[in-house]
Structures are given as C-alpha cells and as structure tokens.
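Asks: My structure is below; once you've seen it, I'll send some questions.
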Amino acid sequence: MSTPVPLKIVIAGGFGVGKTTTVASISEIDPLSTEAEMTEVSSTVDDAALLPDKHTTTVAMDFGCLTIDQNIKLYLFGTPGQDRFGFLWDDIAFGAVGALVIVDPRRLDDCFPAVDYFEDMDLPFVVAVNLFDGRLTHGLESIRWALDVDPHVPMVTFDARDRVSVRDALIALVDNAIRRVQQPVTRLVH
Amino acid sequence: MTRVAGDHERKSETRPSAVRPFLLTGGRVVAATDLPLEAQVVTREIDGSWRQLSFERRDIASLCRAPISVAEVAATLGLQVGTVRVLVSELHAAGHLAVHGASTEASRDPQILERVLRGLRAIS
C-alpha cells in the first residue's frame with residue numbers, strides 16, 4: 001500500500017461559530033477529537049471558560065479527513081475557539097494549504113484574532129460567512145470593510161451544515177492558494 | 001477512547017490520564033516537534049518485531065498497519081498529541097515505523113493543489 005501525501009486546511013474562527021459543524025459536514029470519518037497540552041500565551045481569560053490563571057492547559061482539537069484521490073488525503077483541523085491558544089494554532093497552521101476563517105455575521109469581532117493571525121503568517125485564507133439563518137443582513141463588502149481584510153482575500157457565504165456549501169468554501173480557498181503560489185501577493189506595508 | 005467532536009468546553013475538567021505522559025515515554029525527551037499532526041505513520045512489517053512491543057507502543061504499531069496520521073493515532077488511542085509524537089519518533093528511530101510528512105512542500109505545489117481542487121469538485 002502506498003502512503004498518501006497528507007495535506008491540511010485549518011478551520012478557524014471564534015468560539016461557537018460552526019467550526020466543528022463545518023468539519024462534520026464534509027469529513028468522511030466522524031470528526032475526531034484529540035487533546036494537546038499547552039502553555040497559555042496570554043494572561044487574559046475569556047469569559048466563556050473563566051479558567052483560573054495557570055501555566056498549562058489541555059485543549060481539545062477537532063479534525064476530520066477527506067480522501068482526495070489514491071495519493072492525497074486532506075485533513076481539516078479546527079482551531080480551539082479561544083484565541084489565547086495561539087501556540088496550538090502554530091502547530092495546526094504550519095505547512096497548511098490555507099485556512100477557512102468562519103465568521104458569524106452577528107459577532108464579527110470574534111474572528112479578528114484569526115484574521116490577524118493568518119495575515120501575519122502570510123497563509124492563504126478565505127473569510128467564510130456562516131449563514132445561520134440563511135440570510136445576510138449586511139453585504140459581503142460591508143463585512144470586508146468591518147473586518148479590514150485585504151481586497152485579495154476572497155469572501156464567501158456558506159452554510160456550515162451543508163456538505164456542498166462547505167465544499168464550495170473549500171474550493172474557494174484552494175483556488176486562492178493556487179493563485180497565491182502562481183502570483184505571490186506583494187503585501188502593502190502601511 | 002475516541003470522543004465525538006464538539007466538547008471543547010470540557011478541557012479543564014478532563015480527567016487526568018491514568019499514566020502521565022512522561023512515564024509513557026520513559027522520562028526521555030525526544031525531539032518530536034518536527035512531526036506534523038497530519039504526518040502519515042506506517043508500521044514496518046518486515047520482521048513483525050513490533051509485536052514484541054508492549055502497551056502504547058504496541059497499540060500504535062498495531063493501529064498503523066494502514067497509514068494513519070499522528071492526530072488520528074492520538075484520537076483513536078486517547079493519548080495526547082505530544083505523547084504520540086514522542087512515541088512515534090522513538091518507534092521510528094527504532095525502525096518499527098515509517099513516517100511520511102513533508103506537507104509544507106506539497107501544499108505549495110500547484111499540481112497537487114489542482115488535484116485537490118478536482119477531488120473537491122467531485123464531492124456531491
């Protein structure tokens with residue numbers, strides 16, 4: 001049996017934005033969860049967890065997998081929801097094809113850490129607005145303005161519960177990754 | 001101990017594993033940091049010597065008879081990723097496992113990315 005080439009895509013975004021749902025919709029295995037022990041990178045405490053100040057913590061990381069063809073396996077790794085786990089993000093993001101940054105249009109602020117992170121990492125990413133109720137009250141361009149993402153970053157709307165919709169969001173990301181390889185973006189330095 | 005996804009919130013209440021990771025790895029620190037989560041691990045069946053291994057090492061070798069990622073090994077066996085990395089790199093050094101990673105190159109290869117695109121488009 002030949003060993004497949006493993007590729008990965010990061011599924012990022014704020015807490016409860018639909019990352020696990022996204023992975024579950026398209027993964028051919030039931031999403032798995034594994035634990036990683038890590039050092040906290042910041043002293044701020046998010047209000048969802050109310051964790052006491054401590055040096056290491058264990059987070060669960062969800063992931064799924066897709067067989068692309070006989071020789072390529074694509075893994076989808078969800079980032080832990082809290083942005084203080086930046087250390088784990090490095091682990092997940094290193095060598096990735098790119099990232100899908102999932103946005104809840106009602107809570108735009110939650111995705112700022114993810115957007116900043118992938119911009120800093122210079123990793124291809126797509127902003128995917130999860131339409132929980134099927135409607136978008138703001139236009140995509142106003143969301144782009146609010147998030148202050150560069151014009152070359154694709155923005156799509158999708159439904160995390162729908163397999164084909166998730167597929168299309170991933171296609172937008174891989175398309176973008178190919179364009180980035182062929183024509184590297186010269187980033188403006190402000 | 002495979003858990004379904006969606007229970008990130010449990011993190012701090014998770015019961016400690018029965019054996020601490022440093023015991024599993026014999027107290028040795030092995031540089032395993034260059035093992036990506038998605039790296040494929042395969043048992044080398046040459047002489048079946050992995051069958052002489054015990055506990056987690058044997059579980060890993062048994063599980064990896066078909067290629068599987070580091071992350072899947074951790075999730076399937078209920079071990080922390082860090083522990084699996086150390087055990088896998090140790091088993092690799094001992095010749096029991098082959099490890100295939102190098103996705104950094106592959107994820108910047110337009111031909112491979114085009115194949116990913118075709119594979120995704122075939123999903124319905």
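We label chains A, B, ... in the order they appear in the structure tokens, count residues from 1 in each chain, and number ligands from 1 in the order shown.
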Using only C-alpha atoms, which protein or nucleic acid residues come within 6 Å of A:Gly98? Drop anything in the same chain fewer than 4 positions from it, and give the result as a list in words.

Replies: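 My list of contacting residues is Ile9, Leu123, Pro124 and Phe125 of chain A.
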
Asks: What would the file look like if the residues just selected were written as a PDB file, in the first residue's frame with C-alpha atoms?

Replies:
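again.pdb written:
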```pdb
ATOM      1  CA  ILE A   9      -6.626  23.001   5.883  1.00  0.00           C
ATOM      2  CA  LEU A 123      -1.070  31.889   4.850  1.00  0.00           C
ATOM      3  CA  PRO A 124      -3.808  31.903   2.169  1.00  0.00           C
ATOM      4  CA  PHE A 125      -7.222  32.268   3.761  1.00  0.00           C
TER       5      PHE A 125
END
```

Asks: Residues at most 6 Å from stretch 53-66 of chain B, counting only C-alpha atoms, excluding those fewer than 3 positions away in the same chain, as an MDAnalysis selection string?

Replies: chainID B and resid 42:43 50

Asks: Counting only C-alpha atoms, which residues of chain A sit at most 6 Å from some atom of chain B, and what is each one's closest atom pair with its distance in Å to one decimal, listed by chain and rising residue number, as a Markdown table?

Replies:
```
| residue | atom | partner | partner_atom | distance |
| --- | --- | --- | --- | --- |
| A:Pro6 | CA | B:Glu38 | CA | 5.9 |
| A:Leu7 | CA | B:Ser103 | CA | 5.7 |
| A:Pro31 | CA | B:Ala5 | CA | 5.8 |
| A:Leu32 | CA | B:Val4 | CA | 5.8 |
| A:Ser33 | CA | B:Ala5 | CA | 5.4 |
| A:Thr34 | CA | B:Ala75 | CA | 4.6 |
| A:Glu35 | CA | B:Gln80 | CA | 5.0 |
| A:Ala36 | CA | B:Gln80 | CA | 5.4 |
| A:Thr58 | CA | B:Lys11 | CA | 5.6 |
| A:Val59 | CA | B:Lys11 | CA | 5.2 |
| A:Ala60 | CA | B:His8 | CA | 5.2 |
| A:Asp62 | CA | B:Ala5 | CA | 5.7 |
| A:Ile68 | CA | B:Gly119 | CA | 4.8 |
| A:Gly95 | CA | B:Thr104 | CA | 4.1 |
| A:Val97 | CA | B:Ser107 | CA | 4.8 |
| A:Ile178 | CA | B:Pro110 | CA | 5.8 |
```

Asks: Write a file of the selected residues as a compact mmCIF listing (two decimals), in the first residue's frame, keeping C-alpha atoms.

Replies:
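Below is the file that was written, again29.txt:
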```txt
# COMPACT_ATOMS: atom_id res chain seq x y z
CA PRO A 6 -1.18 14.39 3.71
CA LEU A 7 -2.40 17.96 3.27
CA PRO A 31 -14.83 14.07 13.37
CA LEU A 32 -12.24 13.05 15.92
CA SER A 33 -11.14 14.99 18.92
CA THR A 34 -7.72 14.82 20.43
CA GLU A 35 -6.08 16.61 23.29
CA ALA A 36 -2.99 18.69 23.36
CA THR A 58 -5.38 20.94 27.90
CA VAL A 59 -7.49 21.77 24.89
CA ALA A 60 -9.45 19.56 22.59
CA ASP A 62 -11.34 18.54 16.42
CA ILE A 68 -8.97 13.39 -2.41
CA GLY A 95 2.53 23.60 6.44
CA VAL A 97 -2.65 24.74 2.38
CA ILE A 178 -3.15 28.13 -6.23
```

Asks: Please return, as a ChimeraX atom specification, all residues of chain A that DSSP assigns to alpha helix (DSSP H) on the basis of the backbone.

Replies: /A:19-26,86-93,112-121,140-147,163-182

Asks: The selected residues should be written to file as a compact mmCIF listing (two decimals), in the first residue's frame (atoms: N, CA and C atoms).

Replies:
```
# COMPACT_ATOMS: atom_id res chain seq x y z
N LYS A 19 -17.25 25.74 13.50
CA LYS A 19 -16.06 25.04 13.00
C LYS A 19 -16.25 23.52 13.00
N THR A 20 -16.73 23.01 14.13
CA THR A 20 -16.92 21.56 14.22
C THR A 20 -18.01 21.10 13.26
N THR A 21 -19.06 21.90 13.11
CA THR A 21 -20.13 21.57 12.17
C THR A 21 -19.58 21.51 10.75
N THR A 22 -18.72 22.47 10.42
CA THR A 22 -18.11 22.51 9.09
C THR A 22 -17.32 21.24 8.82
N VAL A 23 -16.49 20.86 9.78
CA VAL A 23 -15.68 19.65 9.62
C VAL A 23 -16.59 18.43 9.48
N ALA A 24 -17.62 18.36 10.33
CA ALA A 24 -18.51 17.20 10.32
C ALA A 24 -19.28 17.09 9.01
N SER A 25 -19.61 18.22 8.40
CA SER A 25 -20.41 18.19 7.18
C SER A 25 -19.68 17.53 6.02
N ILE A 26 -18.36 17.64 5.99
CA ILE A 26 -17.65 17.17 4.81
C ILE A 26 -16.67 16.03 5.09
N GLY A 86 -2.78 30.49 20.94
CA GLY A 86 -2.01 30.77 19.74
C GLY A 86 -0.93 29.73 19.50
N PHE A 87 -0.41 29.18 20.56
CA PHE A 87 0.65 28.19 20.44
C PHE A 87 0.20 26.99 19.65
N LEU A 88 -1.03 26.56 19.90
CA LEU A 88 -1.57 25.41 19.18
C LEU A 88 -1.86 25.77 17.73
N TRP A 89 -2.25 27.02 17.51
CA TRP A 89 -2.51 27.43 16.14
C TRP A 89 -1.28 27.24 15.28
N ASP A 90 -0.11 27.59 15.81
CA ASP A 90 1.13 27.41 15.05
C ASP A 90 1.28 25.96 14.63
N ASP A 91 0.97 25.07 15.57
CA ASP A 91 1.09 23.65 15.32
C ASP A 91 0.14 23.22 14.20
N ILE A 92 -1.08 23.72 14.25
CA ILE A 92 -2.07 23.35 13.26
C ILE A 92 -1.77 24.01 11.91
N ALA A 93 -1.33 25.27 11.97
CA ALA A 93 -1.19 26.04 10.73
C ALA A 93 0.09 25.73 9.96
N PHE A 112 -11.60 38.40 14.57
CA PHE A 112 -10.41 39.26 14.41
C PHE A 112 -9.10 38.53 14.69
N PRO A 113 -9.03 37.76 15.80
CA PRO A 113 -7.74 37.10 16.07
C PRO A 113 -7.33 36.15 14.94
N ALA A 114 -8.31 35.45 14.36
CA ALA A 114 -8.00 34.52 13.28
C ALA A 114 -7.52 35.28 12.04
N VAL A 115 -8.22 36.35 11.68
CA VAL A 115 -7.84 37.13 10.50
C VAL A 115 -6.42 37.68 10.70
N ASP A 116 -6.18 38.26 11.88
CA ASP A 116 -4.84 38.82 12.15
C ASP A 116 -3.77 37.74 12.07
N TYR A 117 -4.10 36.60 12.64
CA TYR A 117 -3.12 35.51 12.70
C TYR A 117 -2.70 35.07 11.29
N PHE A 118 -3.68 34.82 10.42
CA PHE A 118 -3.33 34.30 9.09
C PHE A 118 -2.71 35.37 8.21
N GLU A 119 -3.08 36.65 8.45
CA GLU A 119 -2.40 37.72 7.73
C GLU A 119 -0.93 37.75 8.14
N ASP A 120 -0.67 37.66 9.43
CA ASP A 120 0.71 37.67 9.92
C ASP A 120 1.50 36.47 9.42
N MET A 121 0.84 35.31 9.37
CA MET A 121 1.51 34.07 8.94
C MET A 121 1.71 34.06 7.43
N LEU A 140 -21.53 41.47 1.76
CA LEU A 140 -20.20 40.93 2.00
C LEU A 140 -19.14 42.03 2.03
N GLU A 141 -19.34 43.05 1.16
CA GLU A 141 -18.33 44.11 1.12
C GLU A 141 -18.32 44.93 2.40
N SER A 142 -19.52 45.06 3.03
CA SER A 142 -19.51 45.81 4.29
C SER A 142 -18.84 44.98 5.38
N ILE A 143 -18.96 43.64 5.29
CA ILE A 143 -18.25 42.78 6.25
C ILE A 143 -16.74 42.89 6.01
N ARG A 144 -16.35 42.92 4.74
CA ARG A 144 -14.93 43.08 4.43
C ARG A 144 -14.39 44.39 5.03
N TRP A 145 -15.20 45.44 4.87
CA TRP A 145 -14.78 46.73 5.41
C TRP A 145 -14.66 46.66 6.94
N ALA A 146 -15.67 46.03 7.56
CA ALA A 146 -15.66 45.95 9.03
C ALA A 146 -14.48 45.12 9.54
N LEU A 147 -14.12 44.09 8.77
CA LEU A 147 -13.01 43.23 9.21
C LEU A 147 -11.65 43.78 8.76
N ARG A 163 -23.06 20.04 3.13
CA ARG A 163 -21.85 19.46 2.56
C ARG A 163 -21.36 20.19 1.31
N VAL A 164 -22.29 20.42 0.38
CA VAL A 164 -21.90 21.06 -0.88
C VAL A 164 -21.46 22.51 -0.64
N SER A 165 -22.11 23.14 0.29
CA SER A 165 -21.77 24.51 0.63
C SER A 165 -20.37 24.59 1.25
N VAL A 166 -20.06 23.65 2.12
CA VAL A 166 -18.71 23.58 2.72
C VAL A 166 -17.68 23.28 1.62
N ARG A 167 -18.05 22.35 0.74
CA ARG A 167 -17.17 22.01 -0.38
C ARG A 167 -16.82 23.28 -1.18
N ASP A 168 -17.85 24.08 -1.48
CA ASP A 168 -17.61 25.29 -2.28
C ASP A 168 -16.69 26.28 -1.56
N ALA A 169 -16.85 26.37 -0.25
CA ALA A 169 -15.98 27.27 0.52
C ALA A 169 -14.53 26.76 0.46
N LEU A 170 -14.36 25.44 0.54
CA LEU A 170 -13.00 24.87 0.46
C LEU A 170 -12.41 25.06 -0.94
N ILE A 171 -13.28 24.95 -1.96
CA ILE A 171 -12.81 25.18 -3.34
C ILE A 171 -12.30 26.62 -3.48
N ALA A 172 -13.05 27.57 -2.91
CA ALA A 172 -12.62 28.98 -2.97
C ALA A 172 -11.25 29.14 -2.32
N LEU A 173 -11.02 28.42 -1.24
CA LEU A 173 -9.74 28.51 -0.54
C LEU A 173 -8.60 27.91 -1.37
N VAL A 174 -8.83 26.71 -1.91
CA VAL A 174 -7.76 26.05 -2.66
C VAL A 174 -7.45 26.84 -3.94
N ASP A 175 -8.50 27.38 -4.56
CA ASP A 175 -8.34 28.25 -5.71
C ASP A 175 -7.43 29.42 -5.37
N ASN A 176 -7.69 30.02 -4.22
CA ASN A 176 -6.90 31.14 -3.76
C ASN A 176 -5.46 30.72 -3.49
N ALA A 177 -5.29 29.53 -2.90
CA ALA A 177 -3.94 29.03 -2.61
C ALA A 177 -3.16 28.84 -3.90
N ILE A 178 -3.83 28.34 -4.94
CA ILE A 178 -3.15 28.13 -6.23
C ILE A 178 -2.73 29.49 -6.81
N ARG A 179 -3.64 30.46 -6.74
CA ARG A 179 -3.29 31.78 -7.27
C ARG A 179 -2.12 32.39 -6.50
N ARG A 180 -2.10 32.16 -5.19
CA ARG A 180 -1.02 32.71 -4.37
C ARG A 180 0.32 32.08 -4.75
N VAL A 181 0.31 30.79 -5.11
CA VAL A 181 1.55 30.11 -5.49
C VAL A 181 2.04 30.67 -6.83
N GLN A 182 1.05 30.87 -7.73
CA GLN A 182 1.43 31.31 -9.07
C GLN A 182 1.80 32.79 -9.12
```

Asks: Expressed in Å to a single decimal, how great is the separation between atom CA of A:Asp148 and atom CA of A:Phe94?

Replies: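 Taking atom CA of A:Asp148 as the start and atom CA of A:Phe94 as the end point, the length is 24.2 Å.
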
Asks: So the first atom is atom CA of A:Val10 and the second is atom CA of A:Leu76; what is the distance between them in Å, to one decimal place?

Replies: 5.9 Å

Asks: Can you tell me, as a PyMOL selection string, what residues are no more than 6 Å from A:Ile11 when counting only C-alpha atoms, ignoring any on the same chain fewer than 5 positions away?

Replies: chain A and resi 77-78+99-100

Asks: To one decimal place in Å, what is the distance between atom CA of A:Thr137 and atom CA of A:Val153?

Replies: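 Atom CA of A:Val153 lies 20.7 Å from atom CA of A:Thr137.
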